[in-house]
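Shown next: entry.cif, containing mmCIF, C-alpha atoms and all ligand atoms.
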```
data_start
loop_
_atom_site.label_atom_id
_atom_site.label_comp_id
_atom_site.auth_asym_id
_atom_site.auth_seq_id
_atom_site.Cartn_x
_atom_site.Cartn_y
_atom_site.Cartn_z
CA MET A 1 0.00 0.00 0.00
CA LYS A 2 1.39 3.34 -0.98
CA PRO A 3 1.38 6.22 1.49
CA ALA A 4 -2.07 7.70 2.02
CA PHE A 5 -1.05 11.13 0.81
CA GLY A 6 1.41 10.04 -1.83
CA GLY A 7 -0.87 11.06 -4.65
CA THR A 8 -0.22 8.06 -6.90
CA MET A 9 -3.07 5.85 -5.70
CA SER A 10 -6.59 6.50 -6.99
CA ARG A 11 -9.22 7.46 -4.44
CA ARG A 12 -11.13 4.27 -5.17
CA ARG A 13 -8.14 2.03 -4.69
CA PHE A 14 -7.18 3.92 -1.56
CA ALA A 15 -10.69 3.53 -0.12
CA GLN A 16 -10.68 -0.19 -0.93
CA ALA A 17 -7.29 -0.58 0.70
CA LEU A 18 -8.51 1.18 3.82
CA VAL A 19 -11.57 -1.09 4.07
CA ALA A 20 -9.48 -4.19 3.47
CA SER A 21 -7.14 -3.09 6.22
CA ALA A 22 -10.07 -2.49 8.58
CA ALA A 23 -11.56 -5.89 7.73
CA GLY A 24 -8.38 -7.60 8.77
CA ALA A 25 -8.59 -6.01 12.19
CA GLY A 26 -12.33 -5.62 12.60
CA GLY A 27 -14.00 -8.88 11.65
CA ALA A 28 -17.39 -9.49 9.99
CA LEU A 29 -18.78 -5.96 10.00
CA ALA A 30 -15.67 -4.61 8.36
CA GLY A 31 -15.85 -7.45 5.85
CA ALA A 32 -19.41 -6.48 4.91
CA ARG A 33 -18.25 -2.89 4.45
CA ARG A 34 -15.45 -4.14 2.23
CA GLY A 35 -17.99 -5.72 -0.11
CA ALA A 36 -20.07 -2.56 -0.19
CA ALA A 37 -17.06 -0.40 -0.85
CA ALA A 38 -15.84 -2.59 -3.69
CA ASP A 39 -19.18 -2.07 -5.48
CA ALA A 40 -19.37 1.65 -4.76
CA PRO A 41 -18.80 4.03 -7.67
CA ALA A 42 -15.50 5.81 -7.67
CA VAL A 43 -15.47 9.52 -6.86
CA PRO A 44 -15.61 11.23 -10.25
CA SER A 45 -12.33 12.77 -11.27
CA LYS A 46 -13.55 14.80 -14.23
CA PRO A 47 -13.61 18.57 -14.11
CA ALA A 48 -16.49 20.30 -12.31
CA ALA A 49 -19.75 20.42 -14.22
CA TYR A 50 -20.22 23.94 -12.94
CA GLY A 51 -17.96 26.42 -11.25
CA LEU A 52 -15.13 27.96 -13.15
CA ASP A 53 -12.10 26.09 -11.82
CA SER A 54 -11.15 23.35 -14.24
CA ARG A 55 -8.63 22.02 -11.72
CA ALA A 56 -11.40 21.10 -9.30
CA GLU A 57 -13.03 17.73 -9.04
CA ARG A 58 -16.75 17.90 -8.43
CA SER A 59 -17.65 17.37 -4.81
CA SER A 60 -20.11 14.52 -4.43
CA VAL A 61 -22.40 16.64 -2.22
CA GLU A 62 -23.34 18.61 -5.31
CA THR A 63 -24.96 15.55 -6.86
CA MET A 64 -27.04 14.51 -3.86
CA PRO A 65 -30.43 13.27 -5.06
CA ARG A 66 -32.35 15.42 -2.53
CA ARG A 67 -31.88 18.37 -4.84
CA ARG A 68 -34.83 18.12 -7.21
CA ASP A 69 -34.91 21.88 -7.50
CA PRO A 70 -31.32 23.05 -7.61
CA ILE A 71 -30.55 26.61 -6.68
CA ARG A 72 -27.49 28.26 -8.17
CA ILE A 73 -25.60 31.33 -7.04
CA THR A 74 -25.57 33.80 -9.94
CA LYS A 75 -23.95 36.95 -8.57
CA LEU A 76 -22.05 38.35 -5.59
CA GLU A 77 -22.85 42.04 -5.15
CA THR A 78 -21.14 44.22 -2.54
CA PHE A 79 -22.17 47.64 -1.25
CA LEU A 80 -19.88 50.03 0.65
CA VAL A 81 -22.39 51.33 3.18
CA LYS A 82 -21.91 54.26 5.56
CA PRO A 83 -20.63 54.63 8.16
CA ARG A 84 -17.95 51.95 7.62
CA TRP A 85 -19.68 48.77 6.54
CA LEU A 86 -19.72 46.41 3.59
CA PHE A 87 -22.92 44.58 2.70
CA LEU A 88 -23.00 41.49 0.49
CA LYS A 89 -26.02 40.41 -1.53
CA VAL A 90 -25.77 36.87 -2.87
CA HIS A 91 -28.12 36.47 -5.82
CA THR A 92 -29.53 33.15 -7.01
CA ASP A 93 -31.45 31.86 -10.00
CA ALA A 94 -34.39 30.99 -7.72
CA GLY A 95 -35.48 34.56 -7.02
CA LEU A 96 -33.95 34.40 -3.55
CA ALA A 97 -31.14 36.58 -2.28
CA GLY A 98 -29.15 36.41 0.94
CA TRP A 99 -27.41 39.19 2.84
CA GLY A 100 -24.21 39.28 4.89
CA GLU A 101 -21.58 41.69 6.16
CA PRO A 102 -18.17 40.45 4.92
CA VAL A 103 -16.10 43.25 6.45
CA VAL A 104 -13.29 43.99 8.85
CA GLU A 105 -13.29 47.57 10.09
CA GLY A 106 -11.00 49.82 8.09
CA ARG A 107 -10.53 47.35 5.26
CA ALA A 108 -13.92 47.42 3.53
CA ARG A 109 -12.44 47.78 0.03
CA THR A 110 -9.94 44.99 0.62
CA CYS A 111 -12.80 42.76 1.72
CA ALA A 112 -14.89 43.70 -1.33
CA GLU A 113 -12.03 42.55 -3.54
CA ALA A 114 -11.68 39.34 -1.51
CA VAL A 115 -15.38 38.69 -2.08
CA ARG A 116 -14.83 39.14 -5.82
CA GLU A 117 -12.06 36.55 -5.66
CA LEU A 118 -14.59 34.03 -4.31
CA GLU A 119 -16.71 34.28 -7.46
CA SER A 120 -14.73 31.55 -9.18
CA TYR A 121 -15.72 29.15 -6.42
CA LEU A 122 -19.24 30.28 -5.51
CA LEU A 123 -20.89 31.14 -8.83
CA GLY A 124 -22.93 28.17 -9.98
CA LYS A 125 -22.87 26.51 -6.56
CA ASP A 126 -25.95 25.61 -4.52
CA PRO A 127 -25.99 28.10 -1.62
CA ARG A 128 -27.71 25.66 0.74
CA ASP A 129 -24.53 23.58 1.29
CA VAL A 130 -23.48 26.10 3.92
CA VAL A 131 -21.02 24.07 5.97
CA HIS A 132 -19.54 22.47 2.88
CA HIS A 133 -18.84 25.88 1.37
CA TRP A 134 -17.42 27.12 4.68
CA GLN A 135 -14.95 24.25 4.65
CA ALA A 136 -14.04 24.74 1.00
CA ILE A 137 -13.51 28.51 1.27
CA TYR A 138 -11.56 28.22 4.51
CA ARG A 139 -9.39 25.22 3.71
CA HIS A 140 -8.80 25.63 0.01
CA ALA A 141 -7.29 29.04 0.73
CA PHE A 142 -4.39 27.01 2.21
CA TYR A 143 -3.29 30.08 4.23
CA ARG A 144 -6.04 29.89 6.79
CA GLY A 145 -7.70 32.46 8.94
CA GLY A 146 -6.69 36.07 9.44
CA PRO A 147 -8.95 39.10 9.69
CA VAL A 148 -9.64 39.70 6.00
CA LEU A 149 -10.22 36.17 4.73
CA THR A 150 -12.16 35.03 7.78
CA SER A 151 -14.32 38.16 7.80
CA VAL A 152 -15.17 37.67 4.15
CA LEU A 153 -15.98 34.02 4.82
CA SER A 154 -18.16 35.16 7.74
CA GLY A 155 -20.25 37.49 5.58
CA VAL A 156 -20.67 34.84 2.91
CA ASP A 157 -21.73 32.35 5.58
CA GLN A 158 -24.41 34.75 6.87
CA ALA A 159 -25.77 35.23 3.36
CA LEU A 160 -25.88 31.48 2.68
CA TRP A 161 -27.79 30.83 5.93
CA ASP A 162 -30.16 33.63 4.92
CA ILE A 163 -30.82 31.95 1.56
CA LYS A 164 -31.17 28.49 3.10
CA GLY A 165 -33.75 29.72 5.55
CA LYS A 166 -35.67 31.56 2.87
CA ALA A 167 -35.60 28.51 0.60
CA LEU A 168 -37.07 26.38 3.39
CA GLY A 169 -39.37 29.10 4.72
CA VAL A 170 -37.97 29.04 8.25
CA PRO A 171 -35.83 31.34 10.41
CA VAL A 172 -32.15 30.48 10.76
CA TYR A 173 -32.56 29.71 14.46
CA GLU A 174 -34.97 26.90 13.53
CA LEU A 175 -32.28 25.35 11.34
CA LEU A 176 -29.87 25.53 14.29
CA GLY A 177 -32.23 23.70 16.62
CA GLY A 178 -33.78 26.72 18.31
CA PRO A 179 -35.39 28.66 19.69
CA THR A 180 -33.61 28.55 23.02
CA ARG A 181 -35.09 31.94 23.98
CA SER A 182 -37.77 34.31 22.71
CA ARG A 183 -35.96 37.58 23.28
CA VAL A 184 -32.33 38.62 23.14
CA ARG A 185 -30.63 40.94 25.59
CA VAL A 186 -28.68 43.75 23.94
CA TYR A 187 -26.35 46.40 25.27
CA ALA A 188 -25.68 49.99 24.27
CA HIS A 189 -22.55 52.13 24.29
CA VAL A 190 -22.56 55.09 26.69
CA GLY A 191 -18.94 56.24 26.76
CA ASN A 192 -18.07 57.76 30.13
CA ASN A 193 -21.19 59.88 30.14
CA PRO A 194 -23.69 59.22 32.97
CA GLU A 195 -26.32 61.30 31.19
CA ALA A 196 -25.97 59.13 28.08
CA LEU A 197 -26.55 56.06 30.23
CA LYS A 198 -29.69 57.56 31.73
CA LYS A 199 -30.94 58.44 28.24
CA ARG A 200 -30.33 54.92 26.89
CA LYS A 201 -31.93 53.46 29.98
CA ALA A 202 -35.01 55.59 29.30
CA GLU A 203 -35.02 54.19 25.75
CA GLY A 204 -35.30 50.69 27.15
CA PHE A 205 -31.73 49.44 27.50
CA ARG A 206 -30.73 47.65 30.68
CA ALA A 207 -27.12 46.78 29.81
CA PHE A 208 -24.38 49.17 28.74
CA LYS A 209 -20.72 49.37 27.86
CA THR A 210 -18.09 51.97 28.47
CA GLY A 211 -14.38 52.36 27.82
CA VAL A 212 -11.46 53.35 30.02
CA LEU A 213 -11.30 57.12 30.57
CA ASN A 214 -8.23 58.57 28.83
CA ALA A 215 -6.99 55.08 27.92
CA THR A 216 -4.61 56.32 25.26
CA ARG A 217 -2.80 58.36 27.88
CA SER A 218 -2.26 55.54 30.36
CA GLY A 219 1.34 54.85 29.35
CA ILE A 220 3.29 51.76 30.24
CA VAL A 221 3.12 52.46 33.97
CA ALA A 222 0.24 54.78 34.83
CA PRO A 223 0.36 57.23 37.75
CA PRO A 224 -2.15 56.72 40.59
CA GLY A 225 -4.23 59.60 39.30
CA PHE A 226 -5.00 57.82 36.04
CA ILE A 227 -6.22 54.69 37.82
CA ARG A 228 -8.32 56.68 40.30
CA GLU A 229 -9.93 58.89 37.65
CA ALA A 230 -10.75 55.93 35.42
CA ALA A 231 -12.32 54.02 38.32
CA ASP A 232 -14.23 57.15 39.43
CA ALA A 233 -15.63 57.54 35.90
CA PHE A 234 -16.97 54.00 36.04
CA ALA A 235 -18.36 54.62 39.53
CA ALA A 236 -20.29 57.61 38.13
CA LEU A 237 -21.90 55.34 35.54
CA ARG A 238 -22.83 52.83 38.23
CA GLU A 239 -24.34 55.67 40.26
CA ALA A 240 -26.36 56.83 37.23
CA GLY A 241 -27.61 53.36 36.30
CA GLY A 242 -28.00 51.85 39.76
CA ASP A 243 -27.25 48.31 40.86
CA GLY A 244 -30.01 46.86 38.71
CA VAL A 245 -28.24 47.40 35.40
CA ASP A 246 -25.19 45.75 33.87
CA ILE A 247 -22.21 47.79 32.70
CA GLY A 248 -19.26 46.24 30.91
CA ILE A 249 -15.98 48.06 30.48
CA ASP A 250 -13.77 47.66 27.44
CA PHE A 251 -10.01 48.08 27.96
CA HIS A 252 -9.75 47.67 24.15
CA GLY A 253 -6.45 45.85 24.49
CA ALA A 254 -4.91 49.29 24.86
CA ILE A 255 -3.81 49.02 28.50
CA SER A 256 -0.49 47.58 29.59
CA PRO A 257 -0.68 44.43 31.74
CA GLN A 258 0.53 46.20 34.88
CA ASN A 259 -1.97 49.05 34.44
CA ALA A 260 -4.72 46.54 33.73
CA LYS A 261 -4.11 44.76 37.04
CA LEU A 262 -4.24 48.02 39.01
CA LEU A 263 -7.36 49.26 37.22
CA ILE A 264 -9.21 45.98 37.64
CA LYS A 265 -8.61 46.10 41.40
CA ALA A 266 -9.96 49.64 41.48
CA LEU A 267 -13.04 48.60 39.49
CA GLU A 268 -13.88 45.52 41.56
CA PRO A 269 -16.09 47.33 44.12
CA HIS A 270 -18.30 48.62 41.28
CA GLN A 271 -18.82 45.16 39.79
CA PRO A 272 -18.66 45.61 36.00
CA MET A 273 -20.54 43.00 33.97
CA PHE A 274 -17.17 42.15 32.43
CA VAL A 275 -13.71 43.52 31.74
CA GLU A 276 -13.20 43.31 27.98
CA GLU A 277 -9.81 42.81 26.35
CA PRO A 278 -7.88 43.77 29.52
CA VAL A 279 -4.77 43.39 27.36
CA ALA A 280 -4.16 42.71 23.70
CA CYS A 281 -5.09 39.17 22.77
CA GLN A 282 -1.85 37.99 21.17
CA ASN A 283 -0.43 36.68 24.45
CA VAL A 284 -3.07 34.45 25.96
CA ASP A 285 -0.91 33.55 28.98
CA VAL A 286 -0.83 37.18 30.11
CA MET A 287 -4.61 37.46 29.86
CA ALA A 288 -4.98 34.18 31.76
CA GLU A 289 -2.75 35.52 34.53
CA ILE A 290 -4.95 38.63 34.78
CA ALA A 291 -8.08 36.46 34.85
CA ARG A 292 -6.70 34.45 37.77
CA GLY A 293 -6.07 37.67 39.72
CA THR A 294 -9.66 38.89 39.89
CA HIS A 295 -13.18 37.65 40.51
CA LEU A 296 -14.51 39.93 37.73
CA PRO A 297 -15.40 38.12 34.49
CA ILE A 298 -12.84 38.62 31.75
CA ALA A 299 -14.19 38.92 28.21
CA THR A 300 -12.40 38.73 24.90
CA GLY A 301 -12.86 37.63 21.32
CA GLU A 302 -13.47 40.47 18.86
CA ARG A 303 -9.99 39.95 17.38
CA ILE A 304 -9.95 36.17 17.63
CA PHE A 305 -10.87 34.01 14.67
CA THR A 306 -12.40 30.55 14.33
CA LYS A 307 -12.66 27.69 16.76
CA TRP A 308 -8.91 27.30 16.65
CA GLY A 309 -8.39 30.81 17.97
CA PHE A 310 -10.84 30.37 20.84
CA ARG A 311 -9.51 26.97 21.82
CA GLU A 312 -6.44 28.43 23.52
CA ILE A 313 -8.51 31.10 25.33
CA LEU A 314 -10.70 28.40 26.84
CA GLU A 315 -7.98 25.90 27.60
CA LYS A 316 -5.91 28.49 29.47
CA GLY A 317 -8.88 30.04 31.29
CA ALA A 318 -8.08 33.48 29.87
CA ALA A 319 -11.75 34.49 29.64
CA SER A 320 -15.12 33.26 30.85
CA ILE A 321 -17.08 35.43 28.42
CA LEU A 322 -16.29 34.94 24.74
CA GLN A 323 -17.07 37.74 22.32
CA PRO A 324 -16.78 36.26 18.84
CA ASP A 325 -17.81 38.67 16.13
CA LEU A 326 -20.17 37.02 13.66
CA CYS A 327 -18.52 39.11 10.93
CA HIS A 328 -14.98 38.09 11.87
CA ALA A 329 -14.88 34.76 13.69
CA GLY A 330 -16.31 32.64 10.88
CA GLY A 331 -19.98 33.57 10.62
CA ILE A 332 -22.98 31.80 12.08
CA THR A 333 -21.59 28.35 11.32
CA GLU A 334 -18.37 28.84 13.24
CA THR A 335 -19.75 30.90 16.10
CA ARG A 336 -22.29 28.19 16.84
CA LEU A 337 -19.39 25.75 17.21
CA ILE A 338 -17.41 28.20 19.36
CA ALA A 339 -20.47 28.49 21.63
CA GLY A 340 -20.47 24.72 22.05
CA MET A 341 -16.81 24.73 22.96
CA ALA A 342 -17.47 27.54 25.45
CA GLU A 343 -20.33 25.61 27.05
CA ALA A 344 -17.93 22.79 27.91
CA TYR A 345 -15.85 25.33 29.87
CA TYR A 346 -18.92 26.98 31.50
CA ALA A 347 -18.12 30.08 29.47
CA ALA A 348 -20.75 32.40 28.00
CA ILE A 349 -21.15 34.10 24.63
CA ALA A 350 -21.60 37.86 24.21
CA PRO A 351 -21.10 38.55 20.51
CA HIS A 352 -19.08 41.59 19.51
CA ASN A 353 -20.87 43.78 16.99
CA PRO A 354 -19.97 47.37 16.14
CA LEU A 355 -21.29 46.77 12.62
CA GLY A 356 -24.66 46.84 10.88
CA PRO A 357 -28.10 45.29 11.17
CA ILE A 358 -27.27 42.13 9.20
CA SER A 359 -24.55 41.34 11.71
CA LEU A 360 -27.03 42.07 14.49
CA ALA A 361 -29.62 39.75 12.96
CA ALA A 362 -27.04 36.98 12.66
CA GLY A 363 -26.21 37.42 16.36
CA LEU A 364 -29.87 37.26 17.33
CA HIS A 365 -30.31 33.92 15.55
CA LEU A 366 -27.19 32.60 17.25
CA ALA A 367 -28.50 33.76 20.63
CA ALA A 368 -31.80 31.99 19.92
CA SER A 369 -30.05 28.71 19.23
CA ILE A 370 -27.51 28.39 22.07
CA PRO A 371 -27.93 27.91 25.81
CA ASN A 372 -24.97 29.99 27.02
CA PHE A 373 -25.80 33.43 25.68
CA LEU A 374 -25.15 36.52 27.80
CA CYS A 375 -25.75 39.72 25.86
CA GLN A 376 -25.51 41.03 22.28
CA GLU A 377 -23.61 44.20 21.38
CA GLN A 378 -25.29 46.63 18.97
CA VAL A 379 -24.65 50.11 17.66
CA ASN A 380 -27.55 50.26 15.21
CA LEU A 381 -31.00 48.73 15.32
CA GLY A 382 -31.47 49.10 11.58
CA GLU A 383 -33.04 52.54 11.31
CA GLY A 384 -32.48 53.68 7.74
CA TYR A 385 -31.26 50.24 6.68
CA LEU A 386 -34.08 47.80 7.40
CA LYS A 387 -37.70 48.04 6.33
CA THR A 388 -38.59 47.06 9.90
CA PRO A 389 -35.88 48.06 12.39
CA PHE A 390 -35.49 46.22 15.67
CA THR A 391 -36.99 47.73 18.80
CA VAL A 392 -35.72 47.47 22.36
CA GLU A 393 -38.08 46.74 25.19
CA ASP A 394 -37.00 46.18 28.78
CA GLY A 395 -33.43 45.51 27.67
CA SER A 396 -34.06 43.07 24.84
CA VAL A 397 -35.22 42.70 21.25
CA ALA A 398 -37.48 40.03 19.82
CA VAL A 399 -35.94 37.14 17.90
CA PRO A 400 -36.65 37.74 14.18
CA ALA A 401 -39.40 35.35 13.15
CA GLY A 402 -39.24 35.67 9.35
CA PRO A 403 -37.49 33.18 7.07
CA GLY A 404 -33.70 33.29 6.82
CA LEU A 405 -32.22 36.08 8.89
CA GLY A 406 -35.72 37.53 9.19
CA ILE A 407 -34.79 41.01 8.02
CA GLU A 408 -35.60 43.00 4.89
CA ILE A 409 -32.93 45.37 3.66
CA ASP A 410 -34.41 48.68 2.51
CA GLU A 411 -32.42 49.11 -0.70
CA ASP A 412 -34.09 52.45 -1.45
CA ALA A 413 -33.00 53.78 1.93
CA LEU A 414 -29.46 52.51 1.29
CA LYS A 415 -29.03 54.67 -1.80
CA ASP A 416 -27.93 57.79 0.06
CA LYS A 417 -25.59 55.77 2.27
CA ILE A 418 -23.49 54.18 -0.44
CA GLY A 419 -19.76 54.90 -0.36
CA HIS A 420 -17.39 55.66 2.51
CA ASP A 421 -13.68 55.92 3.16
CA TRP A 422 -13.65 55.10 6.85
CA GLU A 423 -10.19 54.47 8.26
CA ASN A 424 -8.99 53.32 11.65
CA PRO A 425 -8.05 56.17 14.02
CA GLN A 426 -4.38 57.08 14.27
CA THR A 427 -3.56 57.71 17.90
CA TYR A 428 -0.38 59.02 19.51
CA ASP A 429 0.72 59.81 23.03
CA PRO A 430 0.40 63.59 23.22
CA ARG A 431 3.41 63.78 25.53
CA ASP A 432 5.94 62.42 23.05
CA GLY A 433 4.17 61.53 19.81
CA SER A 434 4.75 57.80 20.15
CA VAL A 435 2.18 55.39 18.76
CA VAL A 436 -0.45 54.10 21.16
CA ASP A 437 -3.38 51.71 20.71
CA TRP A 438 -6.78 53.32 20.29
MG MG B 501 -14.01 45.72 22.34
#
```
Starting from the file, lay out its structure as C-alpha cells.
Amino acid sequence: MKPAFGGTMSRRRFAQALVASAAGAGGALAGARRGAAADAPAVPSKPAAYGLDSRAERSSVETMPRRRDPIRITKLETFLVKPRWLFLKVHTDAGLAGWGEPVVEGRARTCAEAVRELESYLLGKDPRDVVHHWQAIYRHAFYRGGPVLTSVLSGVDQALWDIKGKALGVPVYELLGGPTRSRVRVYAHVGNNPEALKKRKAEGFRAFKTGVLNATRSGIVAPPGFIREAADAFAALREAGGDGVDIGIDFHGAISPQNAKLLIKALEPHQPMFVEEPVACQNVDVMAEIARGTHLPIATGERIFTKWGFREILEKGAASILQPDLCHAGGITETRLIAGMAEAYYAAIAPHNPLGPISLAAGLHLAASIPNFLCQEQVNLGEGYLKTPFTVEDGSVAVPAGPGLGIEIDEDALKDKIGHDWENPQTYDPRDGSVVDW
C-alpha cells in the first residue's frame, strides 16, 4: 500500500485498501463494508460540471439526489455602506437573495475585492450547502484564517444561511435547533457619560458598555491619578444606572498588563458586567494571569478568529465570556461551534458587533439557538437600513421570526448611504508623539 497522501493511488483504490485493512482487524462488520465499498462508484475525477475552476473535481455533495430543485448562485454584489460597513447580496437563479456583512473595520475595500475573488468558487454553486462551502472557502485558501479572509468568509456564511432559511421558509434559528429563547438581551454604548446612560436606559436598554477614561494616555506604567480617575468615571456610571443594570468596560487591548491589574482592582467594588480585552489578545498567557487575579469576568474575542483561535482562550482560562464577532470569527456556522466549545468550559457568549443590522440579525439567531448566551452588542438597530428596524423593550429585542435572517434590507433607503472611506483612528501619546493603541 502506498502512502495515504502520496498522490499516486486513486481514491477508489485507496478507499478499498482502507476497508481491506479495517476488515483484517475488525471482523465481519468490516468485511461487509469491504464488499459494499468494492461495489461503490468511484469519486468522479472529471472537471467540475459547474464552477469555473477546471482544476477542481466535483464534490459529491453537489450531486445529492435530494436536490430536485437546484438553486445556483448567480452573482455576488457588494455595497460600501456608511458609516464603515460592507454589505453582500448573494443572488440566485431561484429569485432568492441572501445578505451578509463580509467586512473587517478599516478594510472594507480589501474585503470587497476578496469577495470578488470568491466568485470563481461560488458562482454556480448551490448556496444551501453552507457548511460544505465554509470548509471549502476556509481550507482551500491554504493560508487559513486572518482578519480579511475570515471576515469575508463570515459574511458569505451569513448570506448562505439567509438563503437556506428563505428557501425552506424558516428562520435560521430553527435550522440551528432553536429557539432557546424568545428575546435577546442587547447592550448599548454610553462612553463615560452618565447622562448618556440615563438616556439609553429611558429608551429601554438595561445593559451598557463603556471604555477606560483617557486610555490612550495611560502609558506603560500609569500614575495613581490615572487609575483613580478611570475608576471614578466607572463609579459615576454605576451611580447613574443603579445596581439593577449591567455595565461592561472595554479596555480595548490598549492598556499595559501592569496598568490593567491596578485598574481591575480599582473597578472591583463597582462590579462591572465584564472587563473586555484587559490586554491585547496575542499573548493568551498574560490574559490568563490577569483572569486568575480577579473575581470579575474577563471577556475577549473580537480579534480572535475561528474555533482554533478560541480553543487556547478556553484551555488556558483566559476568559469566561467569549465575544466572537459574527462578521470576523467565521460567521454563524463557526460561532455556533465556538459556543459549544465555550459551554464545555462553563463560558458564556456575548457577541461583539460594532457593525450593521445584518450582523445584528445573525447574532440574534445565534442567541436563539444556544444555551450559554449573555448579551448582544449593537450600535444600530437598523433605522435607515431595514424596512422594519429592531426595537428594544425592557433591555431586549425580539428574535426575528421571518425566514432566513428575518430582516428585509431597505435598498431604497441605502441609496444615500453608499460609499465611505472610513479608516482606523491614528492615535499618539500627546506627551511624546509615540504610537499608542486606540
Ligand atoms: Mg471591544
Distance table requested - chain A against ligand MG 501 (chain B), cut-off 10 Å, only C-alpha atoms and all ligand atoms: one row per qualifying residue with the closest atom pair and its distance in Å to one decimal, ordered by chain and rising residue number, as CSV.
```
residue,atom,partner,partner_atom,distance
A:Lys209,CA,B:MG501,MG,9.4
A:Thr210,CA,B:MG501,MG,9.7
A:Gly211,CA,B:MG501,MG,8.6
A:Ile249,CA,B:MG501,MG,8.7
A:Asp250,CA,B:MG501,MG,5.5
A:Phe251,CA,B:MG501,MG,7.3
A:His252,CA,B:MG501,MG,5.0
A:Gly253,CA,B:MG501,MG,7.9
A:Val275,CA,B:MG501,MG,9.7
A:Glu276,CA,B:MG501,MG,6.2
A:Glu277,CA,B:MG501,MG,6.5
A:Pro278,CA,B:MG501,MG,9.6
A:Ala299,CA,B:MG501,MG,9.0
A:Thr300,CA,B:MG501,MG,7.6
A:Gly301,CA,B:MG501,MG,8.2
A:Glu302,CA,B:MG501,MG,6.3
A:Arg303,CA,B:MG501,MG,8.6
A:Gln323,CA,B:MG501,MG,8.5
A:His352,CA,B:MG501,MG,7.1
A:Asn353,CA,B:MG501,MG,8.9
A:Pro354,CA,B:MG501,MG,8.8
A:Glu377,CA,B:MG501,MG,9.8
```
Close residues, His189 of chain A itself excluded, 12 Å, all atoms listed in the file, min 3 positions apart in chain, as an MDAnalysis selection string
chainID A and resid 186 192:194 196:201 205:211 237 246:250 353:354 376:380
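Closest approach to Asp437 of chain A from the set A:Leu326, A:Ala215, A:Glu408, A:Thr333 is made by A:Ala215, with distances taken over all atoms listed in the file.
One distance worth recording is that between atom CA of Pro223 of chain A and atom CA of Met287 of chain A, which is 21.9 Å.
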Rank A:Tyr385, A:Ala114, A:Tyr138, A:Thr391 by their smallest atom-to-atom distance to Lys417 of chain A, using only C-alpha atoms, and report the top residue only.
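Nearest to Lys417 of chain A: A:Tyr385.
Nearest residue to Leu314 of chain A among A:Leu80, A:Ala348, A:Leu88, A:Met64 is A:Ala348, counting all atoms listed in the file.
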Would you pick out the contacts of Pro224 of chain A at 10 Å or less, using all atoms listed in the file, so that residues sharing its chain but fewer than 3 positions from it are not included, and give the list as a ChimeraX atom specification?
/A:221,227-229,259,262-263
Expressed in Å, the length from atom CA of Arg217 of chain A to atom CA of Tyr187 of chain A is 26.5 Å
With all atoms listed in the file as the counted atoms, please give the residues lying no more than 9 Å from Tyr346 of chain A, apart from itself and same-chain residues fewer than 4 positions off, as a list of chain:residue names.
A:Ser320, A:Ala342, A:Asn372
Using all atoms listed in the file: which of A:Tyr345, A:Trp99, A:Tyr173, A:Trp134 has the shortest distance to Glu77 of chain A:
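Result for the nearest residue to Glu77 of chain A: A:Trp99.
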